[in-house]
file run_36.txt (compact mmCIF, C-alpha atoms and all ligand atoms)
# COMPACT_ATOMS: atom_id res chain seq x y z
CA MET A 1 0.00 0.00 0.00
CA SER A 2 1.58 3.33 -1.04
CA LYS A 3 2.20 5.82 1.75
CA LYS A 4 0.29 9.12 1.90
CA VAL A 5 2.45 12.17 2.70
CA ALA A 6 1.17 15.23 4.59
CA ILE A 7 3.23 18.43 4.56
CA ILE A 8 2.36 20.55 7.59
CA GLY A 9 3.56 24.01 6.77
CA SER A 10 3.92 26.08 3.61
CA GLY A 11 6.31 28.91 4.35
CA ASN A 12 9.59 29.62 2.63
CA TRP A 13 11.13 26.25 3.59
CA GLY A 14 7.81 24.43 3.68
CA SER A 15 7.17 25.35 0.05
CA ALA A 16 10.72 24.54 -1.06
CA ILE A 17 10.62 21.09 0.55
CA ALA A 18 7.15 20.53 -0.92
CA LYS A 19 8.74 20.93 -4.35
CA ILE A 20 11.20 18.11 -3.57
CA ILE A 21 8.49 15.90 -2.09
CA GLY A 22 6.24 16.46 -5.10
CA MET A 23 9.05 15.50 -7.48
CA ASN A 24 9.97 12.37 -5.51
CA VAL A 25 6.50 10.95 -4.82
CA ALA A 26 5.63 11.33 -8.50
CA LYS A 27 8.71 9.25 -9.40
CA ASN A 28 8.16 6.55 -6.77
CA THR A 29 4.48 5.66 -6.77
CA THR A 30 5.18 2.13 -5.55
CA VAL A 31 6.26 3.59 -2.19
CA PHE A 32 4.33 6.86 -2.05
CA ASP A 33 0.88 8.06 -3.03
CA GLN A 34 1.57 10.31 -5.99
CA LYS A 35 -0.40 13.26 -4.51
CA ALA A 36 0.80 15.06 -1.37
CA LYS A 37 -1.39 17.48 0.58
CA MET A 38 0.22 20.63 1.99
CA TRP A 39 -1.45 22.42 4.88
CA VAL A 40 -1.58 26.15 4.27
CA TYR A 41 -2.33 28.63 7.05
CA GLU A 42 -4.93 30.40 4.96
CA GLU A 43 -4.57 34.07 4.16
CA MET A 44 -5.80 36.47 1.52
CA ILE A 45 -3.41 37.76 -1.11
CA ASP A 46 -4.84 40.68 -3.13
CA GLY A 47 -8.35 39.43 -2.40
CA GLN A 48 -7.67 35.79 -3.30
CA LYS A 49 -7.12 32.81 -0.98
CA LEU A 50 -3.49 31.66 -0.90
CA THR A 51 -4.64 28.05 -1.25
CA GLU A 52 -6.49 28.91 -4.46
CA ILE A 53 -3.47 30.71 -5.86
CA ILE A 54 -1.19 27.77 -5.08
CA ASN A 55 -3.64 25.24 -6.58
CA THR A 56 -4.12 27.23 -9.79
CA LYS A 57 -0.75 28.95 -10.34
CA HIS A 58 1.24 26.16 -8.65
CA GLU A 59 3.37 28.82 -6.96
CA ASN A 60 3.46 30.13 -3.40
CA VAL A 61 3.54 33.73 -4.50
CA LYS A 62 4.10 35.03 -0.95
CA TYR A 63 6.57 32.66 0.68
CA LEU A 64 8.43 31.22 -2.36
CA PRO A 65 7.73 33.55 -5.26
CA GLY A 66 9.02 32.61 -8.72
CA ILE A 67 9.27 28.88 -8.03
CA LYS A 68 6.90 26.45 -9.73
CA LEU A 69 5.52 23.80 -7.41
CA PRO A 70 4.71 20.33 -8.80
CA GLU A 71 1.01 19.98 -9.64
CA ASN A 72 0.73 16.93 -7.35
CA ILE A 73 1.22 19.21 -4.35
CA VAL A 74 -2.26 20.23 -3.24
CA ALA A 75 -2.73 23.20 -0.90
CA VAL A 76 -5.38 22.52 1.76
CA PRO A 77 -6.54 24.98 4.46
CA GLU A 78 -8.19 22.39 6.71
CA LEU A 79 -5.52 20.73 8.84
CA ASP A 80 -7.62 17.66 9.68
CA ASP A 81 -8.08 16.90 5.97
CA VAL A 82 -4.30 16.94 5.53
CA VAL A 83 -3.28 14.71 8.43
CA SER A 84 -6.19 12.27 9.01
CA ASP A 85 -5.21 9.70 6.32
CA ALA A 86 -1.47 10.42 6.21
CA ASP A 87 1.16 7.76 6.83
CA LEU A 88 4.08 10.21 6.82
CA LEU A 89 3.75 13.57 8.59
CA VAL A 90 6.27 16.26 7.57
CA PHE A 91 6.29 19.11 10.10
CA VAL A 92 7.82 22.29 8.67
CA LEU A 93 6.54 25.52 10.24
CA PRO A 94 8.01 28.10 12.61
CA HIS A 95 8.36 26.39 15.99
CA GLN A 96 6.20 28.89 17.87
CA PHE A 97 3.12 27.65 15.99
CA LEU A 98 3.69 23.94 16.66
CA PRO A 99 2.28 23.41 20.20
CA ARG A 100 -1.25 24.62 19.34
CA LEU A 101 -1.22 22.69 16.08
CA LEU A 102 -0.13 19.44 17.76
CA ASN A 103 -2.92 19.67 20.31
CA GLY A 104 -5.37 20.17 17.47
CA ILE A 105 -4.38 16.98 15.62
CA LYS A 106 -3.43 14.57 18.42
CA ASP A 107 -6.69 12.59 18.08
CA LYS A 108 -6.94 12.96 14.32
CA ILE A 109 -3.86 11.12 12.99
CA LYS A 110 -3.26 7.46 12.15
CA LYS A 111 -1.69 5.74 15.13
CA ASP A 112 0.88 4.03 12.89
CA ALA A 113 1.89 7.27 11.20
CA VAL A 114 5.56 8.31 11.33
CA ALA A 115 6.70 11.92 11.59
CA ILE A 116 9.72 13.91 10.53
CA HIS A 117 10.28 17.54 11.46
CA LEU A 118 12.32 20.23 9.72
CA ILE A 119 11.78 22.83 12.45
CA LYS A 120 14.79 24.72 13.83
CA GLY A 121 14.02 25.61 17.42
CA VAL A 122 13.56 24.18 20.91
CA PHE A 123 10.95 24.49 23.63
CA PHE A 124 11.47 25.45 27.28
CA ILE A 125 8.83 23.61 29.28
CA ASP A 126 8.73 23.33 33.11
CA GLY A 127 12.37 24.37 33.43
CA GLU A 128 13.60 21.84 30.89
CA MET A 129 14.62 22.01 27.26
CA VAL A 130 12.30 19.94 25.09
CA PRO A 131 13.54 19.17 21.56
CA ILE A 132 10.94 19.44 18.80
CA SER A 133 11.01 15.68 18.12
CA SER A 134 10.31 14.93 21.79
CA ARG A 135 7.38 17.33 21.78
CA ILE A 136 5.91 15.66 18.70
CA LYS A 137 6.47 12.17 20.15
CA ASP A 138 5.02 13.15 23.54
CA VAL A 139 1.85 14.70 22.11
CA LEU A 140 1.19 12.39 19.15
CA GLY A 141 2.70 9.14 20.47
CA ILE A 142 4.49 8.36 17.20
CA GLU A 143 8.11 8.09 16.05
CA CYS A 144 9.68 11.36 14.94
CA CYS A 145 12.82 11.82 12.85
CA THR A 146 14.42 15.11 11.85
CA LEU A 147 15.82 16.67 8.69
CA MET A 148 18.41 19.37 9.32
CA GLY A 149 21.08 20.75 7.04
CA ALA A 150 22.75 23.54 5.08
CA ASN A 151 19.53 24.34 3.28
CA VAL A 152 18.73 28.00 2.64
CA ALA A 153 15.29 27.46 1.12
CA ASN A 154 15.52 29.77 -1.87
CA GLU A 155 18.76 28.07 -3.02
CA VAL A 156 17.26 24.59 -2.54
CA ALA A 157 14.18 25.68 -4.52
CA ARG A 158 16.49 26.72 -7.37
CA GLU A 159 17.93 23.19 -7.29
CA GLU A 160 21.41 24.40 -6.40
CA PHE A 161 23.45 21.43 -5.11
CA CYS A 162 23.40 20.99 -1.34
CA GLU A 163 23.48 18.34 1.36
CA THR A 164 21.21 17.56 4.27
CA THR A 165 21.08 15.21 7.25
CA ILE A 166 18.21 12.98 8.32
CA GLY A 167 18.42 11.82 11.91
CA TYR A 168 16.39 8.69 12.51
CA GLU A 169 15.32 6.53 15.42
CA THR A 170 14.55 3.35 13.45
CA GLN A 171 16.47 2.37 10.31
CA GLU A 172 13.15 1.70 8.55
CA ALA A 173 11.99 5.29 9.06
CA GLY A 174 15.38 6.61 7.99
CA GLU A 175 15.19 4.66 4.75
CA VAL A 176 11.65 5.77 3.90
CA PHE A 177 12.49 9.41 4.50
CA PHE A 178 15.69 9.02 2.46
CA LYS A 179 13.48 8.02 -0.49
CA LEU A 180 11.11 10.92 0.17
CA PHE A 181 13.76 13.63 0.23
CA ASN A 182 16.94 12.52 -1.56
CA THR A 183 17.60 13.96 -5.02
CA LYS A 184 20.69 14.67 -7.09
CA PHE A 185 20.76 18.29 -5.92
CA PHE A 186 19.54 17.58 -2.36
CA GLU A 187 21.94 14.89 -1.14
CA VAL A 188 20.67 13.16 2.00
CA THR A 189 22.84 11.44 4.61
CA ILE A 190 20.97 9.44 7.24
CA ILE A 191 22.39 9.03 10.77
CA GLN A 192 21.03 7.37 13.89
CA ASP A 193 20.95 10.54 15.96
CA VAL A 194 17.87 12.76 16.16
CA THR A 195 18.75 14.99 19.11
CA GLY A 196 22.13 16.12 17.82
CA PRO A 197 20.89 17.40 14.45
CA GLU A 198 17.84 19.15 15.85
CA ILE A 199 19.79 20.90 18.60
CA CYS A 200 22.40 22.02 16.04
CA GLY A 201 19.62 23.27 13.78
CA ALA A 202 18.12 25.35 16.57
CA LEU A 203 21.31 26.75 18.08
CA LYS A 204 22.97 27.69 14.79
CA ASN A 205 20.26 30.33 14.40
CA ILE A 206 21.56 32.05 17.57
CA VAL A 207 25.10 32.09 16.16
CA ALA A 208 23.72 33.39 12.85
CA ILE A 209 22.21 36.39 14.65
CA GLY A 210 25.66 36.99 16.15
CA SER A 211 27.35 36.69 12.77
CA GLY A 212 24.83 39.26 11.52
CA PHE A 213 25.94 41.64 14.26
CA CYS A 214 29.51 41.26 12.89
CA ASP A 215 28.31 42.10 9.36
CA GLY A 216 26.23 45.04 10.56
CA LEU A 217 29.19 46.46 12.45
CA GLY A 218 31.46 46.08 9.42
CA TYR A 219 33.79 43.51 11.02
CA GLY A 220 35.84 41.32 8.66
CA GLY A 221 35.93 37.60 7.99
CA ASN A 222 38.38 36.87 10.79
CA THR A 223 36.01 38.20 13.45
CA LYS A 224 33.03 36.42 11.92
CA ALA A 225 35.04 33.18 11.72
CA ALA A 226 35.86 33.52 15.41
CA ILE A 227 32.18 33.96 16.31
CA MET A 228 31.24 30.98 14.15
CA ARG A 229 33.96 28.79 15.68
CA ILE A 230 33.02 29.71 19.25
CA GLY A 231 29.38 29.25 18.31
CA LEU A 232 30.07 25.75 17.01
CA LYS A 233 31.88 24.93 20.24
CA GLU A 234 28.90 26.07 22.30
CA MET A 235 26.48 24.19 20.02
CA ARG A 236 28.52 21.02 20.59
CA GLY A 237 28.82 21.67 24.33
CA PHE A 238 25.09 22.15 24.73
CA ALA A 239 24.13 19.12 22.64
CA MET A 240 26.65 16.82 24.40
CA MET A 241 25.51 18.14 27.79
CA TYR A 242 21.84 17.57 26.95
CA SER A 243 21.96 14.09 25.54
CA LYS A 244 24.23 11.06 25.79
CA THR A 245 22.91 9.85 22.40
CA VAL A 246 24.61 12.69 20.51
CA VAL A 247 27.66 11.50 18.60
CA GLU A 248 30.73 13.59 17.73
CA SER A 249 30.43 12.94 13.99
CA THR A 250 27.07 14.73 13.94
CA PHE A 251 28.79 18.12 14.21
CA LEU A 252 30.75 17.42 11.01
CA GLU A 253 27.58 16.55 9.08
CA SER A 254 25.56 19.05 7.05
CA CYS A 255 23.25 19.55 10.05
CA GLY A 256 26.24 20.76 12.11
CA VAL A 257 29.07 22.75 10.60
CA GLY A 258 27.43 22.88 7.17
CA ASP A 259 24.25 24.53 8.37
CA LEU A 260 26.19 26.93 10.58
CA ILE A 261 28.30 28.10 7.63
CA THR A 262 25.45 28.62 5.19
CA THR A 263 23.25 30.37 7.74
CA CYS A 264 26.06 32.71 8.81
CA ILE A 265 26.76 33.55 5.16
CA GLY A 266 23.31 33.80 3.57
CA GLY A 267 20.49 33.15 6.03
CA ARG A 268 17.63 35.32 7.20
CA ASN A 269 18.81 35.36 10.85
CA ARG A 270 22.15 36.78 9.72
CA LYS A 271 20.46 39.39 7.54
CA CYS A 272 18.19 40.48 10.40
CA GLY A 273 21.07 40.52 12.89
CA ALA A 274 23.03 42.83 10.60
CA TYR A 275 20.03 45.16 10.23
CA PHE A 276 19.53 45.19 14.01
CA ALA A 277 23.19 46.15 14.57
CA LYS A 278 22.90 48.94 12.00
CA THR A 279 19.50 50.35 12.97
CA GLY A 280 18.63 49.17 16.49
CA LYS A 281 15.05 48.68 15.28
CA ALA A 282 12.69 46.35 17.17
CA TRP A 283 12.75 42.73 15.96
CA GLU A 284 9.05 42.80 15.04
CA VAL A 285 9.74 45.82 12.81
CA ILE A 286 12.81 44.15 11.29
CA GLU A 287 10.81 40.96 10.58
CA LYS A 288 8.07 43.01 8.88
CA GLU A 289 10.48 45.17 6.86
CA LEU A 290 12.86 42.40 5.72
CA LEU A 291 10.95 39.11 5.73
CA ASN A 292 7.43 39.76 4.36
CA GLY A 293 5.68 37.42 6.79
CA GLN A 294 8.56 34.97 7.23
CA LYS A 295 9.83 34.44 10.79
CA ILE A 296 13.14 35.02 12.56
CA GLN A 297 13.86 31.93 14.68
CA GLY A 298 17.21 32.86 16.25
CA VAL A 299 15.91 35.59 18.58
CA PRO A 300 13.24 33.44 20.33
CA CYS A 301 15.70 30.53 20.41
CA ALA A 302 18.33 32.72 22.12
CA LYS A 303 15.72 33.56 24.76
CA GLU A 304 14.69 29.93 25.26
CA ILE A 305 18.32 28.81 25.59
CA TYR A 306 19.02 31.68 28.03
CA GLU A 307 16.08 30.54 30.17
CA ILE A 308 17.28 26.91 30.14
CA LEU A 309 20.88 27.86 31.01
CA SER A 310 19.96 30.37 33.72
CA THR A 311 17.57 27.86 35.32
CA LYS A 312 20.43 25.36 35.47
CA ASN A 313 23.04 27.99 36.48
CA LEU A 314 25.09 27.17 33.37
CA LEU A 315 25.30 30.57 31.68
CA ALA A 316 29.04 30.83 32.42
CA LYS A 317 29.66 27.77 30.21
CA PHE A 318 27.94 29.40 27.22
CA PRO A 319 29.13 33.03 27.20
CA LEU A 320 28.50 33.62 23.51
CA PHE A 321 24.88 32.40 23.61
CA HIS A 322 24.42 34.52 26.74
CA THR A 323 25.92 37.63 25.14
CA ILE A 324 23.88 37.29 21.93
CA HIS A 325 20.67 37.00 23.94
CA ARG A 326 21.57 40.08 26.01
CA ILE A 327 22.27 42.05 22.82
CA CYS A 328 18.93 40.86 21.34
CA VAL A 329 17.00 42.15 24.35
CA GLY A 330 18.87 45.46 24.45
CA GLU A 331 20.92 44.85 27.61
CA LEU A 332 24.17 45.15 25.63
CA GLU A 333 25.27 47.00 22.51
CA PRO A 334 25.99 44.79 19.45
CA LYS A 335 29.67 45.76 19.58
CA GLU A 336 29.96 43.88 22.88
CA ILE A 337 29.80 40.56 20.98
CA ILE A 338 33.61 40.51 20.75
CA ASN A 339 33.78 40.95 24.54
CA TYR A 340 31.64 37.84 25.11
CA LYS A 341 34.24 36.37 27.51
CA SER A 342 34.10 39.22 29.98
CA VAL A 343 30.93 41.20 29.44
CA ASN A 344 28.73 38.93 31.55
CA ASN A 345 31.07 38.65 34.56
N1 LIG A 401 13.52 29.40 5.18
C1 LIG A 401 14.63 28.67 5.20
O1 LIG A 401 15.58 28.94 4.44
C2 LIG A 401 14.73 27.51 6.14
C3 LIG A 401 13.90 27.42 7.25
N2 LIG A 401 14.03 26.33 8.08
C4 LIG A 401 13.15 26.16 9.26
O2 LIG A 401 11.88 25.68 8.80
C5 LIG A 401 10.86 26.09 9.69
C6 LIG A 401 9.73 26.71 8.88
O3 LIG A 401 10.25 27.87 8.31
P1 LIG A 401 9.64 28.47 6.95
O4 LIG A 401 8.92 27.43 6.18
O5 LIG A 401 10.75 29.21 6.27
O6 LIG A 401 8.53 29.49 7.50
P2 LIG A 401 8.54 31.08 7.32
O7 LIG A 401 9.68 31.65 8.08
O8 LIG A 401 8.39 31.40 5.86
O9 LIG A 401 7.21 31.48 8.13
C7 LIG A 401 6.04 31.76 7.48
C8 LIG A 401 5.06 30.63 7.65
O10 LIG A 401 4.46 30.75 8.96
C9 LIG A 401 3.04 30.56 8.78
N3 LIG A 401 2.28 31.16 9.88
C10 LIG A 401 2.17 32.48 10.19
N4 LIG A 401 1.36 32.63 11.24
C11 LIG A 401 0.95 31.38 11.61
C12 LIG A 401 0.12 30.86 12.64
N5 LIG A 401 -0.46 31.69 13.52
N6 LIG A 401 -0.09 29.53 12.70
C13 LIG A 401 0.50 28.69 11.83
N7 LIG A 401 1.32 29.11 10.83
C14 LIG A 401 1.54 30.45 10.74
C15 LIG A 401 2.76 31.23 7.45
O11 LIG A 401 1.52 30.81 6.94
C16 LIG A 401 3.92 30.71 6.63
O12 LIG A 401 3.62 29.42 6.11
C17 LIG A 401 11.53 27.06 10.68
O13 LIG A 401 11.80 26.39 11.88
C18 LIG A 401 12.85 27.43 10.00
O14 LIG A 401 13.87 27.73 10.93
C19 LIG A 401 14.93 25.31 7.85
C20 LIG A 401 15.75 25.38 6.74
C21 LIG A 401 15.72 26.49 5.84
O1 LIG A 402 18.12 27.04 8.30
C1 LIG A 402 18.48 27.68 7.32
C2 LIG A 402 19.57 27.21 6.43
O2 LIG A 402 19.84 25.85 6.64
C3 LIG A 402 17.90 29.00 7.02
O3 LIG A 402 18.34 29.85 8.04
P1 LIG A 402 17.58 31.24 8.20
O4 LIG A 402 16.29 30.96 8.92
O5 LIG A 402 18.56 32.06 9.00
O6 LIG A 402 17.36 31.79 6.82

call {"tool": "encode", "arguments": {"input": "run_36.txt", "output": "structure tokens", "more": "lines below"}}
Ligand SMILES: NC(=O)C1=CN([C@@H]2O[C@H](COP(=O)(O)OP(=O)(O)OC[C@H]3O[C@@H](n4cnc5c(N)ncnc54)[C@H](O)[C@@H]3O)[C@@H](O)[C@H]2O)C=CC1
Ligand SMILES: O=C(CO)COP(=O)(O)O
result
Amino acid sequence: MSKKVAIIGSGNWGSAIAKIIGMNVAKNTTVFDQKAKMWVYEEMIDGQKLTEIINTKHENVKYLPGIKLPENIVAVPELDDVVSDADLLVFVLPHQFLPRLLNGIKDKIKKDAVAIHLIKGVFFIDGEMVPISSRIKDVLGIECCTLMGANVANEVAREEFCETTIGYETQEAGEVFFKLFNTKFFEVTIIQDVTGPEICGALKNIVAIGSGFCDGLGYGGNTKAAIMRIGLKEMRGFAMMYSKTVVESTFLESCGVGDLITTCIGGRNRKCGAYFAKTGKAWEVIEKELLNGQKIQGVPCAKEIYEILSTKNLLAKFPLFHTIHRICVGELEPKEIINYKSVNN
């Protein structure tokens, strides 16, 4: 029986990954149902429903303009219709919208469904960090893998060569998701580590904000390289501290150093960090002015990580994360990023 795929999210990355899924399910109808539904948080664009535009123009004119989506990707505004018969659930939406959505579908999904999430963030619940996969497993009671990597959506959508990492719990799930996502230009590596990739994917957004500060202040490559290196060290330290299942090699995969590099060179967090350093504008204003409805994930993640570390009295072990958060909330000037070792003492 071919597997039905549900894509839960249709933003910049959601739409780009939908393109890959549409291409792959059409080529592999023995494994997958050749139509994939994509849940769209409905909105009006110039008086027309976004779902209608996507289903007629086959383009997400707001979140991925200029990219044709395969015609077997069907935009659906009703979430229950998307998930109720799905065998594979692909979660790809800004992390702040996930909790409410999960509660809404927990009694609507197939109990033998398997999930994968592409969401770069973490939750801070009852004084503990909760990775996205754990949240999905806890609420839905199903296995959850992750896909994390050096994947700036617009470049992926243009089919520019890149790599990505799928972290799996069971080999079977890893292999199915390899078939769903792997293409010549989107080269998938599967590893048996979910926590490591998803923590890297979340934390690299904090470092990207910091690398944006460097750009906004006109610092050169050496300074930015230092911030990236220290950021990678703190990403590794946090992941290894949080979970014994994280393996060293994870940080050398696309989900680790690869994602950090691409995000600190060409990501949205970097771009917004640079604008913040230059203008000092509020993050909501920056998001509106630069991202046209897309969401900055590094600023809320910096806050969540700060809360986790301060609760556990571990801030001193992660001075760069601490400094970037304090700059984000206006306690420090952006130029203090190079004084991260001393500025919090
Ligand atoms: N854009 C990129 O280049 C990449 C993004 N990611 C990650 O993928 C995840 C999803 O990001 P994107 O698809 O880029 O989203 P996005 O940043 O384009 O956010 C816009 C999306 O949020 C939805 N939205 C707005 N308000 C909502 C609400 N109240 N409830 C539910 N949905 C709402 C919009 O409908 C739209 O689909 C994030 O965690 C991001 O960090 C990962 C790799 C690349
Ligand atoms: O995760 C990404 C690249 O892998 C995209 O990062 P931004 O959200 O900073 O654009």

call {"tool": "residues_near_point", "arguments": {"input": "run_36.txt", "point": "(-0.7, 6.9, 3.0)", "cutoff": "7 Å", "atoms": "all atoms listed in the file", "output": "ChimeraX atom specification"}}
result
/A:2-5,33,85-88

call {"tool": "closest_atom_pairs", "arguments": {"input": "run_36.txt", "of": "chain A", "to": "ligand LIG 402 (chain A)", "cutoff": "6 Å", "atoms": "only C-alpha atoms and all ligand atoms", "output": "Markdown table"}}
result
| residue | atom | partner | partner_atom | distance |
| --- | --- | --- | --- | --- |
| A:Gly149 | CA | A:LIG402 | O2 | 5.3 |
| A:Ala150 | CA | A:LIG402 | O2 | 4.0 |
| A:Asn151 | CA | A:LIG402 | O2 | 3.7 |
| A:Val152 | CA | A:LIG402 | C2 | 4.0 |
| A:Asn205 | CA | A:LIG402 | O5 | 5.9 |
| A:Asp259 | CA | A:LIG402 | O2 | 4.9 |
| A:Thr263 | CA | A:LIG402 | O3 | 4.9 |
| A:Gly267 | CA | A:LIG402 | O6 | 3.5 |
| A:Arg268 | CA | A:LIG402 | O6 | 3.6 |
| A:Asn269 | CA | A:LIG402 | O5 | 3.8 |
| A:Arg270 | CA | A:LIG402 | O5 | 6.0 |

call {"tool": "closest_atom_pairs", "arguments": {"input": "run_36.txt", "of": "chain A", "to": "ligand LIG 401 (chain A)", "cutoff": "7 Å", "atoms": "all atoms listed in the file", "output": "CSV"}}
result
residue,atom,partner,partner_atom,distance
A:Gly9,CA,A:LIG401,O12,5.5
A:Ser10,CA,A:LIG401,O12,4.2
A:Gly11,CA,A:LIG401,O12,3.3
A:Asn12,CA,A:LIG401,O5,3.8
A:Trp13,CA,A:LIG401,O4,3.6
A:Gly14,CA,A:LIG401,O4,4.1
A:Ser15,CA,A:LIG401,O4,6.7
A:Val40,CA,A:LIG401,O11,6.2
A:Tyr41,CA,A:LIG401,O11,4.4
A:Glu42,CA,A:LIG401,O11,6.8
A:Tyr63,CA,A:LIG401,O8,5.6
A:Val92,CA,A:LIG401,C6,4.8
A:Leu93,CA,A:LIG401,C6,3.7
A:Pro94,CA,A:LIG401,C17,4.1
A:His95,CA,A:LIG401,O13,5.4
A:Phe97,CA,A:LIG401,N6,5.0
A:Leu118,CA,A:LIG401,O2,5.5
A:Ile119,CA,A:LIG401,O13,3.6
A:Lys120,CA,A:LIG401,O13,3.9
A:Gly121,CA,A:LIG401,O13,6.0
A:Asn151,CA,A:LIG401,C21,5.1
A:Val152,CA,A:LIG401,O1,3.7
A:Ala153,CA,A:LIG401,O1,3.6
A:Asn154,CA,A:LIG401,O1,6.4
A:Gly267,CA,A:LIG401,O1,6.7
A:Gly293,CA,A:LIG401,C7,5.7
A:Gln294,CA,A:LIG401,O7,3.6
A:Lys295,CA,A:LIG401,O7,3.9
A:Ile296,CA,A:LIG401,O7,6.6
A:Gln297,CA,A:LIG401,O14,5.6

call {"tool": "residues_around", "arguments": {"input": "run_36.txt", "residues": "range 184-191 of chain A", "least_positions_apart": "2", "cutoff": "8 Å", "atoms": "all atoms listed in the file", "output": "PDB file with C-alpha atoms, in the coordinates of the input"}}
result
ATOM      1  CA  VAL A 156      17.260  24.590  -2.540  1.00  0.00           C
ATOM      2  CA  GLU A 159      17.930  23.190  -7.290  1.00  0.00           C
ATOM      3  CA  GLU A 160      21.410  24.400  -6.400  1.00  0.00           C
ATOM      4  CA  PHE A 161      23.450  21.430  -5.110  1.00  0.00           C
ATOM      5  CA  CYS A 162      23.400  20.990  -1.340  1.00  0.00           C
ATOM      6  CA  GLU A 163      23.480  18.340   1.360  1.00  0.00           C
ATOM      7  CA  THR A 164      21.210  17.560   4.270  1.00  0.00           C
ATOM      8  CA  THR A 165      21.080  15.210   7.250  1.00  0.00           C
ATOM      9  CA  ILE A 166      18.210  12.980   8.320  1.00  0.00           C
ATOM     10  CA  GLY A 167      18.420  11.820  11.910  1.00  0.00           C
ATOM     11  CA  TYR A 168      16.390   8.690  12.510  1.00  0.00           C
ATOM     12  CA  GLY A 174      15.380   6.610   7.990  1.00  0.00           C
ATOM     13  CA  GLU A 175      15.190   4.660   4.750  1.00  0.00           C
ATOM     14  CA  PHE A 178      15.690   9.020   2.460  1.00  0.00           C
ATOM     15  CA  PHE A 181      13.760  13.630   0.230  1.00  0.00           C
ATOM     16  CA  ASN A 182      16.940  12.520  -1.560  1.00  0.00           C
ATOM     17  CA  ASP A 193      20.950  10.540  15.960  1.00  0.00           C
ATOM     18  CA  VAL A 194      17.870  12.760  16.160  1.00  0.00           C
TER      19      VAL A 194
END

call {"tool": "residues_around", "arguments": {"input": "run_36.txt", "residues": "Val61 in chain A", "least_positions_apart": "4", "cutoff": "12 Å", "atoms": "only C-alpha atoms", "output": "list in words"}}
result
Ser10, Gly11, Asn12, Ser15, Glu43, Met44, Ile45, Asp46, Gln48, Lys49, Leu50, Thr51, Glu52, Ile53, Ile54, Asn55, Thr56, Lys57, Pro65, Gly66, Ile67, Lys68, Leu69 and Asn292 of chain A

call {"tool": "closest_atom_pairs", "arguments": {"input": "run_36.txt", "of": "range 181-281 of chain A", "to": "range 285-290 of chain A", "cutoff": "8 Å", "atoms": "only C-alpha atoms", "output": "tab-separated table"}}
result
residue	atom	partner	partner_atom	distance
A:Cys272	CA	A:Ile286	CA	6.6
A:Tyr275	CA	A:Ile286	CA	7.4
A:Phe276	CA	A:Ile286	CA	7.3
A:Lys281	CA	A:Ile286	CA	6.4

call {"tool": "closest_residue", "arguments": {"input": "run_36.txt", "among": "A:Lys303, A:Lys35, A:Lys111, A:Pro99", "to": "Ile142 in chain A", "atoms": "all atoms listed in the file"}}
result
A:Lys111

call {"tool": "atom_distance", "arguments": {"input": "run_36.txt", "atom1": "CA of Val139 in chain A", "atom2": "CA of Gln96 in chain A"}}
result
15.4 Å

call {"tool": "closest_residue", "arguments": {"input": "run_36.txt", "among": "A:Leu64, A:Ala36, A:Leu260, A:Ile21", "to": "Leu203 in chain A", "atoms": "all atoms listed in the file"}}
result
A:Leu260

call {"tool": "atom_distance", "arguments": {"input": "run_36.txt", "atom1": "CA of Ile265 in chain A", "atom2": "CA of Ala277 in chain A"}}
result
16.1 Å

call {"tool": "closest_residue", "arguments": {"input": "run_36.txt", "among": "A:Gly196, A:Gly127, A:Gly221, A:Gly210", "to": "Val247 in chain A", "atoms": "all atoms listed in the file"}}
result
A:Gly196

call {"tool": "residues_around", "arguments": {"input": "run_36.txt", "residues": "Lys341 in chain A", "least_positions_apart": "4", "cutoff": "12 Å", "atoms": "only C-alpha atoms", "output": "list in words"}}
result
Ile227, Ile230, Leu315, Ala316, Lys317, Phe318, Pro319, Leu320, Phe321, His322, Thr323, Ile324, Glu336, Ile337 and Asn345 of chain A

call {"tool": "atom_distance", "arguments": {"input": "run_36.txt", "atom1": "CA of Gly280 in chain A", "atom2": "CA of Ile327 in chain A"}}
result
10.2 Å

call {"tool": "residues_near_point", "arguments": {"input": "run_36.txt", "point": "(22.2, 23.3, 35.3)", "cutoff": "12 Å", "atoms": "only C-alpha atoms", "output": "PyMOL selection string"}}
result
chain A and resi 127-129+238+241-242+305-318

call {"tool": "closest_residue", "arguments": {"input": "run_36.txt", "among": "A:Lys108, A:Lys233, A:Arg158, A:Arg100", "to": "Cys200 in chain A", "atoms": "all atoms listed in the file"}}
result
A:Lys233

call {"tool": "decode", "arguments": {"input": "run_36.txt", "residues": "range 24-37 of chain A", "atoms": "C-alpha atoms", "output": "PDB file, in the first residue's frame"}}
result
ATOM      1  CA  ASN A  24       9.970  12.369  -5.510  1.00  0.00           C
ATOM      2  CA  VAL A  25       6.496  10.952  -4.818  1.00  0.00           C
ATOM      3  CA  ALA A  26       5.630  11.330  -8.501  1.00  0.00           C
ATOM      4  CA  LYS A  27       8.707   9.249  -9.400  1.00  0.00           C
ATOM      5  CA  ASN A  28       8.160   6.555  -6.772  1.00  0.00           C
ATOM      6  CA  THR A  29       4.475   5.658  -6.771  1.00  0.00           C
ATOM      7  CA  THR A  30       5.175   2.132  -5.551  1.00  0.00           C
ATOM      8  CA  VAL A  31       6.257   3.591  -2.190  1.00  0.00           C
ATOM      9  CA  PHE A  32       4.330   6.858  -2.053  1.00  0.00           C
ATOM     10  CA  ASP A  33       0.876   8.064  -3.031  1.00  0.00           C
ATOM     11  CA  GLN A  34       1.568  10.314  -5.991  1.00  0.00           C
ATOM     12  CA  LYS A  35      -0.401  13.261  -4.513  1.00  0.00           C
ATOM     13  CA  ALA A  36       0.803  15.062  -1.373  1.00  0.00           C
ATOM     14  CA  LYS A  37      -1.390  17.480   0.575  1.00  0.00           C
TER      15      LYS A  37
END
